[in-house]
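Raw entry.cif, mmCIF, N, CA and C atoms:
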data_query
loop_
_atom_site.label_atom_id
_atom_site.label_comp_id
_atom_site.auth_asym_id
_atom_site.auth_seq_id
_atom_site.Cartn_x
_atom_site.Cartn_y
_atom_site.Cartn_z
N MET A 24 178.06 183.89 14.97
CA MET A 24 177.89 182.75 14.10
C MET A 24 179.11 181.84 14.14
N LYS A 25 180.30 182.43 14.26
CA LYS A 25 181.51 181.62 14.33
C LYS A 25 181.49 180.76 15.58
N ILE A 26 180.94 181.29 16.66
CA ILE A 26 180.89 180.53 17.91
C ILE A 26 179.98 179.31 17.73
N LEU A 27 178.84 179.51 17.07
CA LEU A 27 177.90 178.40 16.85
C LEU A 27 178.53 177.31 16.00
N THR A 28 179.26 177.69 14.95
CA THR A 28 179.88 176.67 14.10
C THR A 28 180.99 175.93 14.84
N ARG A 29 181.60 176.55 15.82
CA ARG A 29 182.63 175.88 16.61
C ARG A 29 181.99 174.97 17.67
N LEU A 30 180.85 175.37 18.19
CA LEU A 30 180.18 174.58 19.23
C LEU A 30 179.36 173.43 18.66
N LEU A 31 178.91 173.58 17.43
CA LEU A 31 178.06 172.55 16.82
C LEU A 31 178.68 171.15 16.86
N PRO A 32 179.97 170.97 16.53
CA PRO A 32 180.55 169.63 16.62
C PRO A 32 180.54 169.07 18.05
N LEU A 33 180.52 169.93 19.04
CA LEU A 33 180.46 169.48 20.42
C LEU A 33 179.03 169.16 20.85
N ILE A 34 178.08 169.88 20.34
CA ILE A 34 176.68 169.72 20.73
C ILE A 34 176.03 168.52 20.07
N LEU A 35 176.33 168.26 18.79
CA LEU A 35 175.70 167.16 18.05
C LEU A 35 175.87 165.80 18.72
N PRO A 36 177.07 165.40 19.16
CA PRO A 36 177.18 164.10 19.81
C PRO A 36 176.32 164.00 21.08
N CYS A 37 176.21 165.09 21.81
CA CYS A 37 175.39 165.09 23.02
C CYS A 37 173.92 164.87 22.68
N LEU A 38 173.44 165.53 21.64
CA LEU A 38 172.05 165.37 21.24
C LEU A 38 171.79 163.95 20.73
N THR A 39 172.76 163.40 20.01
CA THR A 39 172.61 162.04 19.50
C THR A 39 172.54 161.05 20.65
N LEU A 40 173.40 161.18 21.63
CA LEU A 40 173.39 160.27 22.77
C LEU A 40 172.15 160.42 23.62
N ALA A 41 171.60 161.62 23.69
CA ALA A 41 170.38 161.84 24.48
C ALA A 41 169.21 161.05 23.92
N GLY A 42 169.26 160.72 22.64
CA GLY A 42 168.17 159.96 22.03
C GLY A 42 168.28 158.46 22.26
N CYS A 43 169.40 158.00 22.79
CA CYS A 43 169.59 156.56 23.02
C CYS A 43 168.84 156.14 24.27
N HIS A 44 168.33 154.91 24.25
CA HIS A 44 167.67 154.36 25.42
C HIS A 44 167.92 152.88 25.49
N LYS A 45 167.73 152.34 26.67
CA LYS A 45 167.96 150.92 26.88
C LYS A 45 166.94 150.10 26.11
N ASP A 46 167.37 149.03 25.50
CA ASP A 46 166.49 148.15 24.75
C ASP A 46 165.47 147.51 25.69
N ASP A 47 164.18 147.58 25.32
CA ASP A 47 163.12 147.03 26.15
C ASP A 47 163.26 145.53 26.37
N ALA A 48 163.92 144.82 25.45
CA ALA A 48 164.06 143.37 25.59
C ALA A 48 164.81 143.02 26.86
N SER A 49 165.76 143.86 27.29
CA SER A 49 166.51 143.55 28.49
C SER A 49 165.62 143.63 29.73
N LEU A 50 164.51 144.32 29.65
CA LEU A 50 163.60 144.43 30.79
C LEU A 50 162.70 143.22 30.92
N THR A 51 162.71 142.34 29.93
CA THR A 51 161.83 141.17 29.98
C THR A 51 162.60 139.87 29.74
N ASN A 52 163.90 139.89 29.89
CA ASN A 52 164.70 138.69 29.66
C ASN A 52 164.69 137.81 30.91
N PRO A 53 164.03 136.64 30.85
CA PRO A 53 163.92 135.82 32.05
C PRO A 53 165.00 134.75 32.21
N VAL A 54 166.00 134.70 31.32
CA VAL A 54 166.96 133.60 31.36
C VAL A 54 167.64 133.54 32.73
N GLY A 55 167.61 132.34 33.33
CA GLY A 55 168.22 132.12 34.64
C GLY A 55 167.34 131.22 35.49
N ARG A 56 167.77 131.02 36.73
CA ARG A 56 166.99 130.24 37.71
C ARG A 56 166.45 131.21 38.74
N TRP A 57 165.15 131.12 39.01
CA TRP A 57 164.45 132.06 39.86
C TRP A 57 163.71 131.33 40.97
N LYS A 58 163.82 131.81 42.20
CA LYS A 58 163.13 131.23 43.35
C LYS A 58 161.91 132.08 43.69
N LEU A 59 160.77 131.41 43.85
CA LEU A 59 159.54 132.11 44.22
C LEU A 59 159.66 132.66 45.63
N VAL A 60 159.43 133.97 45.78
CA VAL A 60 159.52 134.60 47.10
C VAL A 60 158.19 135.18 47.56
N ASN A 61 157.25 135.35 46.61
CA ASN A 61 155.94 135.88 46.99
C ASN A 61 154.90 135.48 45.94
N ARG A 62 153.73 135.12 46.42
CA ARG A 62 152.60 134.84 45.52
C ARG A 62 151.43 135.65 46.03
N ARG A 63 150.93 136.53 45.17
CA ARG A 63 149.76 137.35 45.52
C ARG A 63 148.59 136.89 44.66
N CYS A 64 147.47 136.63 45.31
CA CYS A 64 146.28 136.28 44.55
C CYS A 64 145.04 136.51 45.42
N GLU A 65 143.90 136.51 44.77
CA GLU A 65 142.62 136.65 45.46
C GLU A 65 142.13 135.24 45.82
N CYS A 66 142.91 134.55 46.62
CA CYS A 66 142.58 133.18 46.98
C CYS A 66 142.85 132.99 48.47
N ALA A 67 142.53 131.82 48.97
CA ALA A 67 142.76 131.54 50.38
C ALA A 67 144.24 131.68 50.70
N PRO A 68 144.58 132.32 51.82
CA PRO A 68 145.98 132.47 52.18
C PRO A 68 146.66 131.12 52.41
N THR A 69 147.81 130.95 51.80
CA THR A 69 148.61 129.74 51.98
C THR A 69 150.07 130.16 52.04
N PRO A 70 150.91 129.34 52.62
CA PRO A 70 152.35 129.67 52.60
C PRO A 70 152.87 129.70 51.16
N THR A 71 153.88 130.51 50.93
CA THR A 71 154.49 130.57 49.60
C THR A 71 155.13 129.22 49.30
N PRO A 72 154.77 128.62 48.17
CA PRO A 72 155.35 127.31 47.83
C PRO A 72 156.86 127.37 47.65
N ASN A 73 157.52 126.26 47.88
CA ASN A 73 158.95 126.13 47.61
C ASN A 73 159.09 125.85 46.12
N ALA A 74 159.13 126.92 45.32
CA ALA A 74 159.06 126.77 43.87
C ALA A 74 160.22 127.50 43.20
N ILE A 75 160.64 126.94 42.08
CA ILE A 75 161.70 127.51 41.25
C ILE A 75 161.24 127.43 39.80
N VAL A 76 161.59 128.45 39.03
CA VAL A 76 161.39 128.38 37.59
C VAL A 76 162.76 128.62 36.95
N ALA A 77 163.05 127.82 35.93
CA ALA A 77 164.30 127.94 35.20
C ALA A 77 163.98 128.24 33.75
N PHE A 78 164.61 129.30 33.22
CA PHE A 78 164.43 129.70 31.83
C PHE A 78 165.76 129.59 31.10
N THR A 79 165.74 128.98 29.91
CA THR A 79 166.84 129.10 28.96
C THR A 79 166.36 130.14 27.94
N ALA A 80 167.04 130.26 26.84
CA ALA A 80 166.62 131.23 25.82
C ALA A 80 165.28 130.86 25.19
N THR A 81 164.89 129.56 25.26
CA THR A 81 163.64 129.13 24.61
C THR A 81 162.75 128.25 25.48
N ASP A 82 163.31 127.65 26.52
CA ASP A 82 162.57 126.67 27.32
C ASP A 82 162.34 127.15 28.75
N PHE A 83 161.35 126.55 29.40
CA PHE A 83 161.10 126.82 30.82
C PHE A 83 160.83 125.51 31.53
N ARG A 84 161.08 125.52 32.83
CA ARG A 84 160.76 124.39 33.71
C ARG A 84 160.34 124.95 35.06
N PHE A 85 159.16 124.56 35.54
CA PHE A 85 158.68 124.93 36.86
C PHE A 85 158.86 123.73 37.80
N TYR A 86 159.43 124.00 38.98
CA TYR A 86 159.65 122.96 39.98
C TYR A 86 158.97 123.37 41.28
N GLU A 87 158.43 122.40 42.01
CA GLU A 87 157.97 122.60 43.38
C GLU A 87 158.57 121.50 44.22
N ASP A 88 159.20 121.88 45.33
CA ASP A 88 159.88 120.91 46.20
C ASP A 88 160.82 120.01 45.39
N ASP A 89 161.57 120.62 44.48
CA ASP A 89 162.56 119.92 43.64
C ASP A 89 161.95 118.89 42.69
N THR A 90 160.64 118.95 42.47
CA THR A 90 159.97 118.04 41.55
C THR A 90 159.48 118.84 40.35
N LEU A 91 159.78 118.35 39.14
CA LEU A 91 159.33 119.02 37.93
C LEU A 91 157.80 119.01 37.90
N VAL A 92 157.21 120.20 37.77
CA VAL A 92 155.75 120.34 37.73
C VAL A 92 155.27 120.55 36.31
N SER A 93 155.99 121.39 35.56
CA SER A 93 155.62 121.64 34.17
C SER A 93 156.85 122.14 33.41
N ALA A 94 156.78 121.95 32.10
CA ALA A 94 157.90 122.36 31.25
C ALA A 94 157.38 122.64 29.85
N GLY A 95 158.20 123.30 29.06
CA GLY A 95 157.83 123.57 27.68
C GLY A 95 158.70 124.66 27.10
N THR A 96 158.15 125.35 26.11
CA THR A 96 158.84 126.46 25.47
C THR A 96 158.05 127.74 25.73
N TYR A 97 158.71 128.85 25.51
CA TYR A 97 158.04 130.14 25.68
C TYR A 97 158.52 131.09 24.60
N ALA A 98 157.71 132.11 24.38
CA ALA A 98 158.09 133.16 23.43
C ALA A 98 157.64 134.49 24.00
N GLY A 99 158.44 135.51 23.76
CA GLY A 99 158.06 136.86 24.16
C GLY A 99 156.95 137.35 23.25
N THR A 100 156.00 138.07 23.83
CA THR A 100 154.86 138.57 23.08
C THR A 100 154.31 139.79 23.79
N LYS A 101 153.23 140.29 23.30
CA LYS A 101 152.44 141.31 24.01
C LYS A 101 151.09 140.67 24.27
N ALA A 102 150.59 140.81 25.47
CA ALA A 102 149.31 140.18 25.81
C ALA A 102 148.56 141.05 26.80
N THR A 103 147.27 140.87 26.81
CA THR A 103 146.41 141.52 27.80
C THR A 103 145.95 140.42 28.75
N VAL A 104 146.52 140.42 29.95
CA VAL A 104 146.08 139.44 30.94
C VAL A 104 144.86 139.99 31.65
N CYS A 105 144.08 139.09 32.21
CA CYS A 105 142.83 139.49 32.86
C CYS A 105 143.08 140.60 33.88
N GLY A 106 142.31 141.67 33.75
CA GLY A 106 142.40 142.78 34.69
C GLY A 106 143.37 143.87 34.27
N SER A 107 144.17 143.64 33.22
CA SER A 107 145.10 144.69 32.80
C SER A 107 144.40 145.67 31.88
N SER A 108 145.02 146.83 31.72
CA SER A 108 144.40 147.88 30.91
C SER A 108 144.72 147.78 29.43
N GLY A 109 145.63 146.91 29.07
CA GLY A 109 145.99 146.77 27.65
C GLY A 109 147.18 145.87 27.49
N PRO A 110 147.62 145.68 26.24
CA PRO A 110 148.75 144.79 25.99
C PRO A 110 150.02 145.26 26.71
N ALA A 111 150.75 144.28 27.22
CA ALA A 111 152.01 144.55 27.92
C ALA A 111 153.00 143.45 27.53
N PRO A 112 154.30 143.67 27.76
CA PRO A 112 155.25 142.60 27.51
C PRO A 112 154.83 141.35 28.27
N ALA A 113 154.87 140.22 27.60
CA ALA A 113 154.39 138.99 28.21
C ALA A 113 155.16 137.80 27.67
N LEU A 114 154.97 136.68 28.34
CA LEU A 114 155.49 135.40 27.86
C LEU A 114 154.30 134.53 27.49
N HIS A 115 154.42 133.85 26.37
CA HIS A 115 153.41 132.87 25.97
C HIS A 115 154.03 131.49 26.17
N PHE A 116 153.43 130.70 27.08
CA PHE A 116 153.94 129.38 27.41
C PHE A 116 153.27 128.31 26.55
N THR A 117 154.07 127.42 25.99
CA THR A 117 153.57 126.24 25.28
C THR A 117 154.08 125.04 26.07
N TYR A 118 153.14 124.35 26.72
CA TYR A 118 153.51 123.27 27.62
C TYR A 118 153.77 121.97 26.87
N THR A 119 154.85 121.27 27.24
CA THR A 119 155.12 119.93 26.72
C THR A 119 154.73 118.87 27.75
N THR A 120 154.45 119.33 28.97
CA THR A 120 153.91 118.45 30.00
C THR A 120 152.40 118.65 29.99
N SER A 121 151.71 118.07 30.94
CA SER A 121 150.25 118.21 30.95
C SER A 121 149.86 119.68 30.89
N ALA A 122 148.71 119.94 30.28
CA ALA A 122 148.27 121.32 30.05
C ALA A 122 148.07 122.07 31.36
N HIS A 123 148.55 123.29 31.37
CA HIS A 123 148.37 124.19 32.50
C HIS A 123 147.85 125.50 31.95
N PHE A 124 147.05 126.16 32.73
CA PHE A 124 146.52 127.45 32.30
C PHE A 124 146.74 128.44 33.40
N PRO A 125 146.86 129.71 33.12
CA PRO A 125 146.82 130.32 31.80
C PRO A 125 148.15 130.15 31.07
N VAL A 126 148.13 130.44 29.79
CA VAL A 126 149.33 130.26 28.98
C VAL A 126 150.07 131.57 28.73
N ASP A 127 149.51 132.70 29.12
CA ASP A 127 150.18 133.99 28.98
C ASP A 127 150.38 134.61 30.36
N ALA A 128 151.51 135.28 30.53
CA ALA A 128 151.78 136.00 31.77
C ALA A 128 152.51 137.29 31.43
N ALA A 129 152.01 138.39 31.97
CA ALA A 129 152.74 139.65 31.82
C ALA A 129 154.05 139.49 32.59
N ILE A 130 155.12 140.03 32.04
CA ILE A 130 156.44 139.85 32.65
C ILE A 130 157.09 141.19 32.92
N THR A 131 157.73 141.26 34.10
CA THR A 131 158.55 142.41 34.45
C THR A 131 159.81 141.89 35.11
N VAL A 132 160.95 142.36 34.66
CA VAL A 132 162.22 142.04 35.30
C VAL A 132 162.77 143.35 35.83
N LYS A 133 162.95 143.40 37.16
CA LYS A 133 163.51 144.60 37.81
C LYS A 133 164.70 144.15 38.63
N GLY A 134 165.89 144.42 38.13
CA GLY A 134 167.09 144.00 38.85
C GLY A 134 167.10 142.49 38.99
N SER A 135 167.11 142.01 40.24
CA SER A 135 167.15 140.57 40.49
C SER A 135 165.76 140.01 40.76
N ASN A 136 164.70 140.75 40.42
CA ASN A 136 163.33 140.27 40.62
C ASN A 136 162.64 140.04 39.28
N LEU A 137 161.92 138.94 39.22
CA LEU A 137 161.10 138.58 38.07
C LEU A 137 159.66 138.52 38.55
N ILE A 138 158.76 139.22 37.88
CA ILE A 138 157.35 139.20 38.24
C ILE A 138 156.56 138.64 37.07
N LEU A 139 155.79 137.57 37.33
CA LEU A 139 154.90 136.99 36.34
C LEU A 139 153.48 137.20 36.81
N ASP A 140 152.71 138.00 36.05
CA ASP A 140 151.32 138.31 36.39
C ASP A 140 150.42 137.54 35.44
N TYR A 141 149.75 136.54 35.99
CA TYR A 141 148.88 135.68 35.18
C TYR A 141 147.46 136.24 35.04
N GLY A 142 147.15 137.31 35.75
CA GLY A 142 145.82 137.92 35.68
C GLY A 142 145.21 138.04 37.06
N ASP A 143 145.82 138.87 37.88
CA ASP A 143 145.44 139.02 39.28
C ASP A 143 143.95 139.27 39.48
N GLU A 144 143.36 140.06 38.61
CA GLU A 144 141.94 140.42 38.78
C GLU A 144 141.00 139.23 38.61
N CYS A 145 141.46 138.16 38.03
CA CYS A 145 140.61 136.98 37.80
C CYS A 145 141.05 135.81 38.68
N ASP A 146 141.60 136.11 39.84
CA ASP A 146 142.03 135.11 40.81
C ASP A 146 143.21 134.28 40.35
N TYR A 147 143.94 134.73 39.35
CA TYR A 147 145.18 134.08 38.98
C TYR A 147 146.31 134.77 39.73
N PRO A 148 147.40 134.08 40.01
CA PRO A 148 148.44 134.68 40.85
C PRO A 148 149.32 135.68 40.14
N VAL A 149 149.97 136.49 40.96
CA VAL A 149 151.09 137.33 40.56
C VAL A 149 152.27 136.80 41.35
N ASP A 150 153.22 136.19 40.66
CA ASP A 150 154.35 135.55 41.32
C ASP A 150 155.60 136.41 41.20
N THR A 151 156.27 136.59 42.33
CA THR A 151 157.53 137.35 42.37
C THR A 151 158.66 136.37 42.70
N TYR A 152 159.68 136.37 41.86
CA TYR A 152 160.83 135.49 42.01
C TYR A 152 162.09 136.32 42.20
N GLU A 153 163.09 135.73 42.85
CA GLU A 153 164.41 136.33 42.95
C GLU A 153 165.39 135.47 42.18
N LEU A 154 166.31 136.13 41.48
CA LEU A 154 167.32 135.43 40.71
C LEU A 154 168.24 134.67 41.65
N MET A 155 168.46 133.39 41.34
CA MET A 155 169.33 132.56 42.18
C MET A 155 170.77 132.69 41.68
N PRO A 156 171.73 132.58 42.61
CA PRO A 156 173.15 132.67 42.20
C PRO A 156 173.56 131.49 41.33
#

Represent the structure from my file as structure tokens, please.
Amino acid sequence: MKILTRLLPLILPCLTLAGCHKDDASLTNPVGRWKLVNRRCECAPTPTPNAIVAFTATDFRFYEDDTLVSAGTYAGTKATVCGSSGPAPALHFTYTTSAHFPVDAAITVKGSNLILDYGDECDYPVDTYELMP
């Protein structure tokens, strides 16, 4: 019993730290400038557009060939995009330029890659971007 009472102060911090995990928000933080490197969709094959998306903490801007295509604000949410099995981390876009659809995209950030899935099963694209320096 004396051994257990001596080891307990050493064991408790380890158990406490084992319960810690990375905040899910960091896995969906899109802030930065991202270059489109791949577009997957159930559509006619075309070359990957020369496209960039820029995110601030609240705003977004999509560019193609250095021309602003759309802009607005976004908010993190949970959404079920077409073809998905249930709600997932997503972005809800509110456009200040002409209306574009869809307005929700499932989001995944893996290292220097950003994936926006607009609903692959319904012929909407899944866009993969790389973080620009």

Give as a PyMOL selection string the residues that the PyMOL selection byres ((chain A and resi 129) around 6) matches when applied to the coordinates above. chain A and resi 111-114+127-128+130-131+138-141

Export of the given selection (N, CA and C atoms) as an mmCIF file, keeping the file's coordinate frame:
data_model
loop_
_atom_site.group_PDB
_atom_site.id
_atom_site.type_symbol
_atom_site.label_atom_id
_atom_site.label_comp_id
_atom_site.auth_asym_id
_atom_site.auth_seq_id
_atom_site.Cartn_x
_atom_site.Cartn_y
_atom_site.Cartn_z
ATOM 1 N N ALA A 111 150.750 144.280 27.220
ATOM 2 C CA ALA A 111 152.010 144.550 27.920
ATOM 3 C C ALA A 111 153.000 143.450 27.530
ATOM 4 N N PRO A 112 154.300 143.670 27.760
ATOM 5 C CA PRO A 112 155.250 142.600 27.510
ATOM 6 C C PRO A 112 154.830 141.350 28.270
ATOM 7 N N ALA A 113 154.870 140.220 27.600
ATOM 8 C CA ALA A 113 154.390 138.990 28.210
ATOM 9 C C ALA A 113 155.160 137.800 27.670
ATOM 10 N N LEU A 114 154.970 136.680 28.340
ATOM 11 C CA LEU A 114 155.490 135.400 27.860
ATOM 12 C C LEU A 114 154.300 134.530 27.490
ATOM 13 N N ASP A 127 149.510 132.700 29.120
ATOM 14 C CA ASP A 127 150.180 133.990 28.980
ATOM 15 C C ASP A 127 150.380 134.610 30.360
ATOM 16 N N ALA A 128 151.510 135.280 30.530
ATOM 17 C CA ALA A 128 151.780 136.000 31.770
ATOM 18 C C ALA A 128 152.510 137.290 31.430
ATOM 19 N N ILE A 130 155.120 140.030 32.040
ATOM 20 C CA ILE A 130 156.440 139.850 32.650
ATOM 21 C C ILE A 130 157.090 141.190 32.920
ATOM 22 N N THR A 131 157.730 141.260 34.100
ATOM 23 C CA THR A 131 158.550 142.410 34.450
ATOM 24 C C THR A 131 159.810 141.890 35.110
ATOM 25 N N ILE A 138 158.760 139.220 37.880
ATOM 26 C CA ILE A 138 157.350 139.200 38.240
ATOM 27 C C ILE A 138 156.560 138.640 37.070
ATOM 28 N N LEU A 139 155.790 137.570 37.330
ATOM 29 C CA LEU A 139 154.900 136.990 36.340
ATOM 30 C C LEU A 139 153.480 137.200 36.810
ATOM 31 N N ASP A 140 152.710 138.000 36.050
ATOM 32 C CA ASP A 140 151.320 138.310 36.390
ATOM 33 C C ASP A 140 150.420 137.540 35.440
ATOM 34 N N TYR A 141 149.750 136.540 35.990
ATOM 35 C CA TYR A 141 148.880 135.680 35.180
ATOM 36 C C TYR A 141 147.460 136.240 35.040
#

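Closest approach to Thr119 of chain A from the set A:Thr69, A:Thr96, A:Leu154, A:Glu87 is made by A:Thr96, with distances taken over all atoms listed in the file.
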
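With only C-alpha atoms as the atoms that count, the residue of A:Met155, A:Val149, A:Val54, A:Ala94 with the shortest distance to Gly106 of chain A is A:Val149.
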
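Taking atom C of Val126 of chain A as the reference point, atom CA of Cys66 of chain A is found at 19.8 Å.
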
So which residues get picked by the PyMOL selection byres (((chain A and resi 118 and name CA) around 12) and name CA) here, written as a PyMOL selection string? chain A and resi 82-85+92-98+115-117+119-127

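Distances here use only C-alpha atoms; by that measure, the residue among A:Thr81, A:Asp89, A:Gly142, A:Thr51 closest to Gly109 of chain A is A:Gly142.
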
Quick one: distance from atom CA of Leu91 of chain A to atom CA of Cys145 of chain A in Å, one decimal?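 Those two atoms sit 25.9 Å apart.
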
With the file shown as input, list the residues that the PyMOL selection byres ((chain A and resi 136) around 6.5) selects, as JSON, numbers by chain. {"A": [131, 132, 133, 134, 135, 137, 138, 151, 152, 153, 154]}

Next, the residues of the selection above should be written as a PDB file, keeping the file's coordinate frame with N, CA and C atoms.
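Contents of the output file out11.pdb:
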ATOM      1  N   THR A 131     157.730 141.260  34.100  1.00  0.00           N
ATOM      2  CA  THR A 131     158.550 142.410  34.450  1.00  0.00           C
ATOM      3  C   THR A 131     159.810 141.890  35.110  1.00  0.00           C
ATOM      4  N   VAL A 132     160.950 142.360  34.660  1.00  0.00           N
ATOM      5  CA  VAL A 132     162.220 142.040  35.300  1.00  0.00           C
ATOM      6  C   VAL A 132     162.770 143.350  35.830  1.00  0.00           C
ATOM      7  N   LYS A 133     162.950 143.400  37.160  1.00  0.00           N
ATOM      8  CA  LYS A 133     163.510 144.600  37.810  1.00  0.00           C
ATOM      9  C   LYS A 133     164.700 144.150  38.630  1.00  0.00           C
ATOM     10  N   GLY A 134     165.890 144.420  38.130  1.00  0.00           N
ATOM     11  CA  GLY A 134     167.090 144.000  38.850  1.00  0.00           C
ATOM     12  C   GLY A 134     167.100 142.490  38.990  1.00  0.00           C
ATOM     13  N   SER A 135     167.110 142.010  40.240  1.00  0.00           N
ATOM     14  CA  SER A 135     167.150 140.570  40.490  1.00  0.00           C
ATOM     15  C   SER A 135     165.760 140.010  40.760  1.00  0.00           C
ATOM     16  N   LEU A 137     161.920 138.940  39.220  1.00  0.00           N
ATOM     17  CA  LEU A 137     161.100 138.580  38.070  1.00  0.00           C
ATOM     18  C   LEU A 137     159.660 138.520  38.550  1.00  0.00           C
ATOM     19  N   ILE A 138     158.760 139.220  37.880  1.00  0.00           N
ATOM     20  CA  ILE A 138     157.350 139.200  38.240  1.00  0.00           C
ATOM     21  C   ILE A 138     156.560 138.640  37.070  1.00  0.00           C
ATOM     22  N   THR A 151     156.270 136.590  42.330  1.00  0.00           N
ATOM     23  CA  THR A 151     157.530 137.350  42.370  1.00  0.00           C
ATOM     24  C   THR A 151     158.660 136.370  42.700  1.00  0.00           C
ATOM     25  N   TYR A 152     159.680 136.370  41.860  1.00  0.00           N
ATOM     26  CA  TYR A 152     160.830 135.490  42.010  1.00  0.00           C
ATOM     27  C   TYR A 152     162.090 136.320  42.200  1.00  0.00           C
ATOM     28  N   GLU A 153     163.090 135.730  42.850  1.00  0.00           N
ATOM     29  CA  GLU A 153     164.410 136.330  42.950  1.00  0.00           C
ATOM     30  C   GLU A 153     165.390 135.470  42.180  1.00  0.00           C
ATOM     31  N   LEU A 154     166.310 136.130  41.480  1.00  0.00           N
ATOM     32  CA  LEU A 154     167.320 135.430  40.710  1.00  0.00           C
ATOM     33  C   LEU A 154     168.240 134.670  41.650  1.00  0.00           C
TER      34      LEU A 154
END

Could you pull out all residues of segment 35-155 of chain A with a DSSP call of helix (DSSP H, G or I) and give them as an MDAnalysis selection string? chainID A and resid 35:41 47:51 143:145

One decimal place gives the atom CA of Ser107 of chain A-atom CA of Cys64 of chain A separation as 14.5 Å
